[in-house]
file my_file_2.cif (mmCIF, C-alpha atoms)
data_run
loop_
_atom_site.group_PDB
_atom_site.id
_atom_site.type_symbol
_atom_site.label_atom_id
_atom_site.label_comp_id
_atom_site.auth_asym_id
_atom_site.auth_seq_id
_atom_site.Cartn_x
_atom_site.Cartn_y
_atom_site.Cartn_z
ATOM 1 C CA MET A 290 -1.974 22.654 26.035
ATOM 2 C CA SER A 291 1.739 23.484 26.039
ATOM 3 C CA ILE A 292 4.999 21.866 24.952
ATOM 4 C CA THR A 293 6.635 20.016 27.854
ATOM 5 C CA ASP A 294 10.004 21.237 29.120
ATOM 6 C CA PRO A 295 12.609 18.430 28.685
ATOM 7 C CA ARG A 296 13.996 19.249 32.143
ATOM 8 C CA LEU A 297 10.749 17.948 33.654
ATOM 9 C CA VAL A 298 10.968 14.487 32.096
ATOM 10 C CA ASN A 299 13.253 11.475 32.361
ATOM 11 C CA ILE A 300 14.023 9.469 29.217
ATOM 12 C CA GLU A 301 15.614 6.017 29.273
ATOM 13 C CA ILE A 302 15.906 2.862 27.175
ATOM 14 C CA ALA A 303 13.562 0.108 28.349
ATOM 15 C CA THR A 304 12.005 -3.112 27.043
ATOM 16 C CA LEU A 305 8.577 -2.237 25.656
ATOM 17 C CA PRO A 306 5.665 -4.287 27.070
ATOM 18 C CA ASN A 307 4.150 -6.943 24.764
ATOM 19 C CA ARG A 308 6.877 -6.357 22.170
ATOM 20 C CA GLY A 309 10.019 -7.670 23.855
ATOM 21 C CA ILE A 310 12.236 -5.117 22.150
ATOM 22 C CA PRO A 311 14.133 -2.112 23.567
ATOM 23 C CA GLY A 312 12.719 1.347 23.019
ATOM 24 C CA LEU A 313 12.637 4.796 24.531
ATOM 25 C CA ARG A 314 10.512 5.267 27.642
ATOM 26 C CA LEU A 315 9.707 8.678 29.144
ATOM 27 C CA THR A 316 8.619 9.320 32.730
ATOM 28 C CA TYR A 317 6.623 12.463 33.534
ATOM 29 C CA GLN A 318 4.706 13.095 36.755
ATOM 30 C CA ASN A 319 5.037 9.406 37.722
ATOM 31 C CA ARG A 320 3.491 8.214 34.451
ATOM 32 C CA LYS A 321 5.235 6.295 31.663
ATOM 33 C CA TYR A 322 5.128 7.264 27.978
ATOM 34 C CA ASP A 323 6.351 5.520 24.791
ATOM 35 C CA LEU A 324 7.865 7.374 21.842
ATOM 36 C CA LEU A 325 5.575 7.807 18.834
ATOM 37 C CA GLN A 326 7.452 10.152 16.518
ATOM 38 C CA ALA A 327 10.256 12.736 16.348
ATOM 39 C CA PHE A 328 10.195 15.994 14.356
ATOM 40 C CA SER A 329 13.081 18.253 13.395
ATOM 41 C CA THR A 330 13.020 21.783 14.800
ATOM 42 C CA HIS A 331 11.740 23.391 11.609
ATOM 43 C CA LYS A 332 8.736 21.006 11.578
ATOM 44 C CA LEU A 333 7.143 22.341 14.749
ATOM 45 C CA ASP A 334 3.865 23.043 12.911
ATOM 46 C CA ALA A 335 3.655 19.414 11.765
ATOM 47 C CA ALA A 336 4.446 18.184 15.280
ATOM 48 C CA GLN A 337 1.759 20.361 16.839
ATOM 49 C CA HIS A 338 -0.773 19.369 14.174
ATOM 50 C CA GLN A 339 -0.188 15.663 14.829
ATOM 51 C CA TRP A 340 -0.335 16.201 18.590
ATOM 52 C CA GLN A 341 -3.597 18.135 18.400
ATOM 53 C CA HIS A 342 -5.091 15.572 16.016
ATOM 54 C CA LEU A 343 -4.378 12.710 18.445
ATOM 55 C CA MET A 344 -5.723 14.713 21.371
ATOM 56 C CA SER A 345 -8.934 15.499 19.488
ATOM 57 C CA LEU A 346 -9.440 11.806 18.680
ATOM 58 C CA ASP A 347 -9.025 10.973 22.361
ATOM 59 C CA ARG A 348 -11.657 13.524 23.368
ATOM 60 C CA ILE A 349 -14.096 11.750 21.048
ATOM 61 C CA TYR A 350 -13.202 8.074 21.376
ATOM 62 C CA ASN A 351 -11.213 7.700 24.632
ATOM 63 C CA PRO A 352 -12.753 10.268 27.011
ATOM 64 C CA ALA A 353 -11.856 8.153 30.078
ATOM 65 C CA VAL A 354 -8.127 8.771 29.558
ATOM 66 C CA ILE A 355 -6.812 12.326 29.757
ATOM 67 C CA ASP A 356 -3.409 13.812 28.885
ATOM 68 C CA ARG A 357 -2.424 10.701 26.930
ATOM 69 C CA TYR A 358 0.034 12.522 24.670
ATOM 70 C CA LEU A 359 3.036 14.750 25.331
ATOM 71 C CA LEU A 360 5.010 16.928 22.950
ATOM 72 C CA VAL A 361 8.496 17.532 24.353
ATOM 73 C CA GLY A 362 10.803 20.270 23.083
ATOM 74 C CA GLU A 363 14.371 18.954 22.927
ATOM 75 C CA VAL A 364 17.643 20.285 21.511
ATOM 76 C CA GLY A 365 17.348 20.134 17.720
ATOM 77 C CA TYR A 366 13.976 18.373 17.553
ATOM 78 C CA TYR A 367 10.563 17.724 19.113
ATOM 79 C CA SER A 368 9.371 14.319 20.298
ATOM 80 C CA LEU A 369 5.771 13.068 20.519
ATOM 81 C CA TRP A 370 4.936 10.499 23.221
ATOM 82 C CA ALA A 371 1.915 8.312 24.060
ATOM 83 C CA LEU A 372 0.913 7.248 27.559
ATOM 84 C CA ASP A 373 1.805 3.634 28.321
ATOM 85 C CA ARG A 374 -1.302 1.422 28.738
ATOM 86 C CA GLY A 375 -0.351 0.547 32.312
ATOM 87 C CA SER A 376 -0.355 4.242 33.238
ATOM 88 C CA ALA A 377 -3.801 4.983 31.799
ATOM 89 C CA GLN A 378 -6.521 6.075 34.167
ATOM 90 C CA PRO A 379 -9.147 3.415 34.969
ATOM 91 C CA VAL A 380 -12.558 3.644 33.367
ATOM 92 C CA GLN A 381 -15.208 4.956 35.714
ATOM 93 C CA PRO A 382 -18.088 2.607 36.682
ATOM 94 C CA ALA A 383 -20.683 4.549 34.681
ATOM 95 C CA GLN A 384 -18.576 4.158 31.559
ATOM 96 C CA ARG A 385 -17.731 0.492 32.217
ATOM 97 C CA ASN A 386 -21.363 -0.556 31.669
ATOM 98 C CA ASP A 387 -21.276 0.886 28.180
ATOM 99 C CA LEU A 388 -17.939 -0.762 27.440
ATOM 100 C CA GLN A 389 -19.323 -4.195 28.354
ATOM 101 C CA ARG A 390 -22.293 -4.054 25.982
ATOM 102 C CA GLU A 391 -22.274 -7.123 23.715
ATOM 103 C CA PRO A 392 -21.695 -6.151 20.078
ATOM 104 C CA ARG A 393 -24.062 -6.895 17.237
ATOM 105 C CA LEU A 394 -22.743 -9.757 15.122
ATOM 106 C CA GLU A 395 -23.105 -7.738 11.919
ATOM 107 C CA LEU A 396 -20.916 -4.965 13.355
ATOM 108 C CA GLN A 397 -18.178 -7.476 14.150
ATOM 109 C CA GLN A 398 -18.373 -8.965 10.664
ATOM 110 C CA ALA A 399 -18.409 -5.558 8.957
ATOM 111 C CA SER A 400 -15.463 -4.357 11.048
ATOM 112 C CA LEU A 401 -13.291 -7.334 10.098
ATOM 113 C CA TRP A 402 -14.298 -7.027 6.442
ATOM 114 C CA LEU A 403 -13.392 -3.326 6.406
ATOM 115 C CA PHE A 404 -10.053 -3.916 8.120
ATOM 116 C CA GLN A 405 -8.953 -6.754 5.852
ATOM 117 C CA GLU A 406 -9.928 -4.920 2.676
ATOM 118 C CA LEU A 407 -8.229 -1.706 3.829
ATOM 119 C CA TRP A 408 -5.102 -3.699 4.645
ATOM 120 C CA LEU A 409 -4.933 -4.912 1.028
ATOM 121 C CA GLN A 410 -5.307 -1.325 -0.162
ATOM 122 C CA TRP A 411 -2.558 -0.137 2.190
ATOM 123 C CA GLN A 412 -0.207 -2.826 0.863
ATOM 124 C CA ASP A 413 -0.638 -1.520 -2.673
ATOM 125 C CA LEU A 414 -0.506 2.180 -1.780
ATOM 126 C CA VAL A 415 2.169 2.618 0.892
ATOM 127 C CA GLY A 416 4.530 -0.367 0.565
ATOM 128 C CA ALA A 417 5.788 -2.927 3.098
ATOM 129 C CA ARG A 418 7.833 -0.521 5.236
ATOM 130 C CA GLN A 419 5.044 2.010 5.700
ATOM 131 C CA LEU A 420 2.599 -0.833 6.248
ATOM 132 C CA THR A 421 4.627 -1.841 9.317
ATOM 133 C CA VAL A 422 4.521 1.760 10.554
ATOM 134 C CA PHE A 423 0.784 1.833 9.959
ATOM 135 C CA ALA A 424 0.318 -1.363 11.982
ATOM 136 C CA GLU A 425 2.373 0.115 14.842
ATOM 137 C CA ASN A 426 0.241 3.262 14.808
ATOM 138 C CA LEU A 427 -2.910 1.169 14.868
ATOM 139 C CA VAL A 428 -1.648 -0.782 17.898
ATOM 140 C CA ALA A 429 -0.542 2.397 19.668
ATOM 141 C CA HIS A 430 -3.922 4.102 19.265
ATOM 142 C CA THR A 431 -6.333 1.181 19.551
ATOM 143 C CA PRO A 432 -6.786 -0.038 23.146
ATOM 144 C CA GLN A 433 -8.076 -3.448 22.025
ATOM 145 C CA LEU A 434 -4.805 -4.259 20.210
ATOM 146 C CA GLN A 435 -1.823 -5.085 22.407
ATOM 147 C CA SER A 436 0.768 -6.021 19.755
ATOM 148 C CA ARG A 437 1.377 -6.661 16.051
ATOM 149 C CA THR A 438 0.371 -10.268 16.755
ATOM 150 C CA ASP A 439 -3.182 -9.061 17.401
ATOM 151 C CA VAL A 440 -3.170 -7.307 14.038
ATOM 152 C CA ASP A 441 -2.019 -10.462 12.257
ATOM 153 C CA ARG A 442 -4.701 -12.501 14.041
ATOM 154 C CA LEU A 443 -7.447 -10.178 12.765
ATOM 155 C CA LEU A 444 -6.145 -10.623 9.229
ATOM 156 C CA GLU A 445 -6.523 -14.410 9.513
ATOM 157 C CA LEU A 446 -10.140 -14.429 10.700
ATOM 158 C CA ASP A 447 -13.051 -15.102 8.365
ATOM 159 C CA PRO A 448 -15.316 -12.033 8.638
ATOM 160 C CA LEU A 449 -18.454 -13.954 7.721
ATOM 161 C CA THR A 450 -18.057 -16.873 10.105
ATOM 162 C CA PRO A 451 -21.429 -16.895 11.928
ATOM 163 C CA THR A 452 -19.956 -16.878 15.438
ATOM 164 C CA ARG A 453 -18.611 -14.226 17.729
ATOM 165 C CA LEU A 454 -14.890 -14.314 17.003
ATOM 166 C CA LEU A 455 -13.654 -11.645 19.400
ATOM 167 C CA LYS A 456 -14.437 -10.756 22.991
ATOM 168 C CA TRP A 457 -14.832 -7.096 22.122
ATOM 169 C CA THR A 458 -17.694 -4.869 23.134
ATOM 170 C CA GLU A 459 -19.912 -2.747 20.918
ATOM 171 C CA LEU A 460 -17.839 0.320 21.763
ATOM 172 C CA ASP A 461 -14.594 -1.574 21.067
ATOM 173 C CA PHE A 462 -15.645 -2.288 17.492
ATOM 174 C CA LYS A 463 -16.880 1.244 16.905
ATOM 175 C CA THR A 464 -13.626 2.712 18.227
ATOM 176 C CA PHE A 465 -11.638 0.304 16.051
ATOM 177 C CA ASP A 466 -13.615 1.211 12.923
ATOM 178 C CA ARG A 467 -13.237 4.939 13.504
ATOM 179 C CA GLN A 468 -9.507 4.579 14.131
ATOM 180 C CA LEU A 469 -9.127 2.612 10.889
ATOM 181 C CA TYR A 470 -11.005 5.308 9.018
ATOM 182 C CA HIS A 471 -9.028 8.214 10.462
ATOM 183 C CA LEU A 472 -5.629 6.525 10.039
ATOM 184 C CA THR A 473 -6.449 5.726 6.418
ATOM 185 C CA GLN A 474 -7.343 9.345 5.736
ATOM 186 C CA GLN A 475 -4.253 10.521 7.567
ATOM 187 C CA LYS A 476 -1.936 8.257 5.548
ATOM 188 C CA ILE A 477 -3.335 8.578 2.030
ATOM 189 C CA GLY A 478 -5.338 11.778 2.149
ATOM 190 C CA HIS A 479 -8.773 12.703 3.441
ATOM 191 C CA GLN A 480 -10.780 12.475 0.214
ATOM 192 C CA PHE A 481 -8.961 9.446 -1.230
ATOM 193 C CA GLY A 482 -9.159 7.606 2.110
ATOM 194 C CA LYS A 483 -12.877 8.316 2.355
ATOM 195 C CA LYS A 484 -13.421 7.174 -1.243
ATOM 196 C CA ILE A 485 -11.687 3.836 -0.636
ATOM 197 C CA ALA A 486 -13.587 3.210 2.618
ATOM 198 C CA ILE A 487 -16.929 3.964 0.947
ATOM 199 C CA GLU A 488 -16.152 1.638 -1.976
ATOM 200 C CA ILE A 489 -15.348 -1.206 0.452
ATOM 201 C CA ILE A 490 -18.480 -0.577 2.513
ATOM 202 C CA GLU A 491 -20.692 -0.445 -0.585
ATOM 203 C CA SER A 492 -19.446 -3.910 -1.582
ATOM 204 C CA MET A 493 -20.841 -5.416 1.641
ATOM 205 C CA PRO A 494 -24.273 -6.988 2.175
ATOM 206 C CA GLU A 495 -26.871 -4.428 3.249
ATOM 207 C CA LEU A 496 -26.998 -5.487 6.906
ATOM 208 C CA LEU A 497 -23.229 -5.146 7.334
ATOM 209 C CA ARG A 498 -23.080 -1.957 5.285
ATOM 210 C CA SER A 499 -25.662 -0.154 7.399
ATOM 211 C CA SER A 500 -23.799 -0.872 10.643
ATOM 212 C CA LEU A 501 -20.659 0.873 9.338
ATOM 213 C CA VAL A 502 -22.476 3.771 7.725
ATOM 214 C CA ASP A 503 -23.959 4.584 11.128
ATOM 215 C CA THR A 504 -20.652 4.082 12.959
ATOM 216 C CA LEU A 505 -18.549 6.200 10.605
ATOM 217 C CA ASP A 506 -21.297 8.688 9.722
ATOM 218 C CA ILE A 507 -20.604 8.476 5.987
#
call {"tool": "encode", "arguments": {"input": "my_file_2.cif", "output": "structure tokens"}}
result
Amino acid sequence: MSITDPRLVNIEIATLPNRGIPGLRLTYQNRKYDLLQAFSTHKLDAAQHQWQHLMSLDRIYNPAVIDRYLLVGEVGYYSLWALDRGSAQPVQPAQRNDLQREPRLELQQASLWLFQELWLQWQDLVGARQLTVFAENLVAHTPQLQSRTDVDRLLELDPLTPTRLLKWTELDFKTFDRQLYHLTQQKIGHQFGKKIAIEIIESMPELLRSSLVDTLDI
């Protein structure tokens, strides 16, 4: 895993899919990437740590897509990029069966409950501006979410409505829950993030609580 030479990439301004706003788009080896974050030269360690963290999450939760992140060394700073969804490698047939497994209703309900309660905590802890950044990170790293509109829609759903509210698979919900958990720890600290998540989960009915304890291994 090495830092990409800026001479090997092409960077341009383009309209970002599903957002309708201009942003930076990078092309490397015929694949498109969107900008995630920029780091000043003296913050190389932080840039590499973030890059490696995202890559390690992919190896666990998105094994069908490889080389999804690039760290590019530019004059005066480093830039971190994420592979555009349209450039991602297709899921292999053996994996597709697992992705299509119908989720348990209690997992769906517990996932929505966890998300909505965490969102309230984020509002209090990080403020409106960082909350927007958090939502963008969640969209960028959660395949099931295509835009901020999807995030807002999840916030409006009633977690305990006894119907299947989303056309997500079992793996979709588990990936979503784990991403929520890791982003929370990343933003507000590992131990504090874990403490908040556990408190929310412990407030749930037993059936919902057990589905998240298994998913998050806490």
call {"tool": "resolve_selection", "arguments": {"input": "my_file_2.cif", "expression": "the PyMOL selection byres ((chain A and resi 437) around 7)", "output": "list of chain:residue names"}}
result
A:Ala424, A:Glu425, A:Val428, A:Ser436, A:Thr438, A:Asp439, A:Val440, A:Asp441
call {"tool": "closest_residue", "arguments": {"input": "my_file_2.cif", "among": "A:Gln410, A:Phe423, A:Ser400, A:Gly416", "to": "Leu325 in chain A", "atoms": "only C-alpha atoms"}}
result
A:Phe423
call {"tool": "closest_residue", "arguments": {"input": "my_file_2.cif", "among": "A:Leu501, A:Val422, A:Met493, A:Met344", "to": "Tyr470 in chain A", "atoms": "only C-alpha atoms"}}
result
A:Leu501
call {"tool": "residues_around", "arguments": {"input": "my_file_2.cif", "residues": "Thr464 in chain A", "least_positions_apart": "4", "cutoff": "10 Å", "atoms": "all atoms listed in the file", "output": "ChimeraX atom specification"}}
result
/A:349-351,430-433,458-460,468-470,504-505
call {"tool": "write_last_selection", "arguments": {"input": "my_file_2.cif", "atoms": "C-alpha atoms", "output": "PDB file, in the coordinates of the input"}}
result
ATOM      1  CA  ILE A 349     -14.096  11.750  21.048  1.00  0.00           C
ATOM      2  CA  TYR A 350     -13.202   8.074  21.376  1.00  0.00           C
ATOM      3  CA  ASN A 351     -11.213   7.700  24.632  1.00  0.00           C
ATOM      4  CA  HIS A 430      -3.922   4.102  19.265  1.00  0.00           C
ATOM      5  CA  THR A 431      -6.333   1.181  19.551  1.00  0.00           C
ATOM      6  CA  PRO A 432      -6.786  -0.038  23.146  1.00  0.00           C
ATOM      7  CA  GLN A 433      -8.076  -3.448  22.025  1.00  0.00           C
ATOM      8  CA  THR A 458     -17.694  -4.869  23.134  1.00  0.00           C
ATOM      9  CA  GLU A 459     -19.912  -2.747  20.918  1.00  0.00           C
ATOM     10  CA  LEU A 460     -17.839   0.320  21.763  1.00  0.00           C
ATOM     11  CA  GLN A 468      -9.507   4.579  14.131  1.00  0.00           C
ATOM     12  CA  LEU A 469      -9.127   2.612  10.889  1.00  0.00           C
ATOM     13  CA  TYR A 470     -11.005   5.308   9.018  1.00  0.00           C
ATOM     14  CA  THR A 504     -20.652   4.082  12.959  1.00  0.00           C
ATOM     15  CA  LEU A 505     -18.549   6.200  10.605  1.00  0.00           C
TER      16      LEU A 505
END
call {"tool": "closest_residue", "arguments": {"input": "my_file_2.cif", "among": "A:Asp334, A:Glu491, A:Asp323, A:Glu406", "to": "Ala371 in chain A", "atoms": "all atoms listed in the file"}}
result
A:Asp323
call {"tool": "closest_residue", "arguments": {"input": "my_file_2.cif", "among": "A:Phe328, A:Trp340, A:Trp402, A:Phe462", "to": "Pro494 in chain A", "atoms": "all atoms listed in the file"}}
result
A:Trp402
call {"tool": "axis_aligned_box", "arguments": {"input": "my_file_2.cif", "around": "range 436-450 of chain A", "padding_each_side": "8 Å", "output": "AutoDock Vina command-line options"}}
result
--center_x -8.5 --center_y -11.4 --center_z 13.7 --size_x 35.8 --size_y 26.9 --size_z 28.0
call {"tool": "closest_residue", "arguments": {"input": "my_file_2.cif", "among": "A:Leu394, A:Leu409, A:Val298, A:Ile487", "to": "Tyr317 in chain A", "atoms": "only C-alpha atoms"}}
result
A:Val298
call {"tool": "atom_distance", "arguments": {"input": "my_file_2.cif", "atom1": "CA of Lys456 in chain A", "atom2": "CA of Gln435 in chain A"}}
result
13.8 Å
call {"tool": "resolve_selection", "arguments": {"input": "my_file_2.cif", "expression": "the PyMOL selection byres ((chain A and resi 360-365) around 8)", "output": "number ranges by chain"}}
result
A: 291-295, 329-330, 336-337, 340, 358-359, 366-370
call {"tool": "resolve_selection", "arguments": {"input": "my_file_2.cif", "expression": "the PyMOL selection byres ((chain A and resi 403) around 8)", "output": "PyMOL selection string"}}
result
chain A and resi 399-402+404-407+466+486+489-490
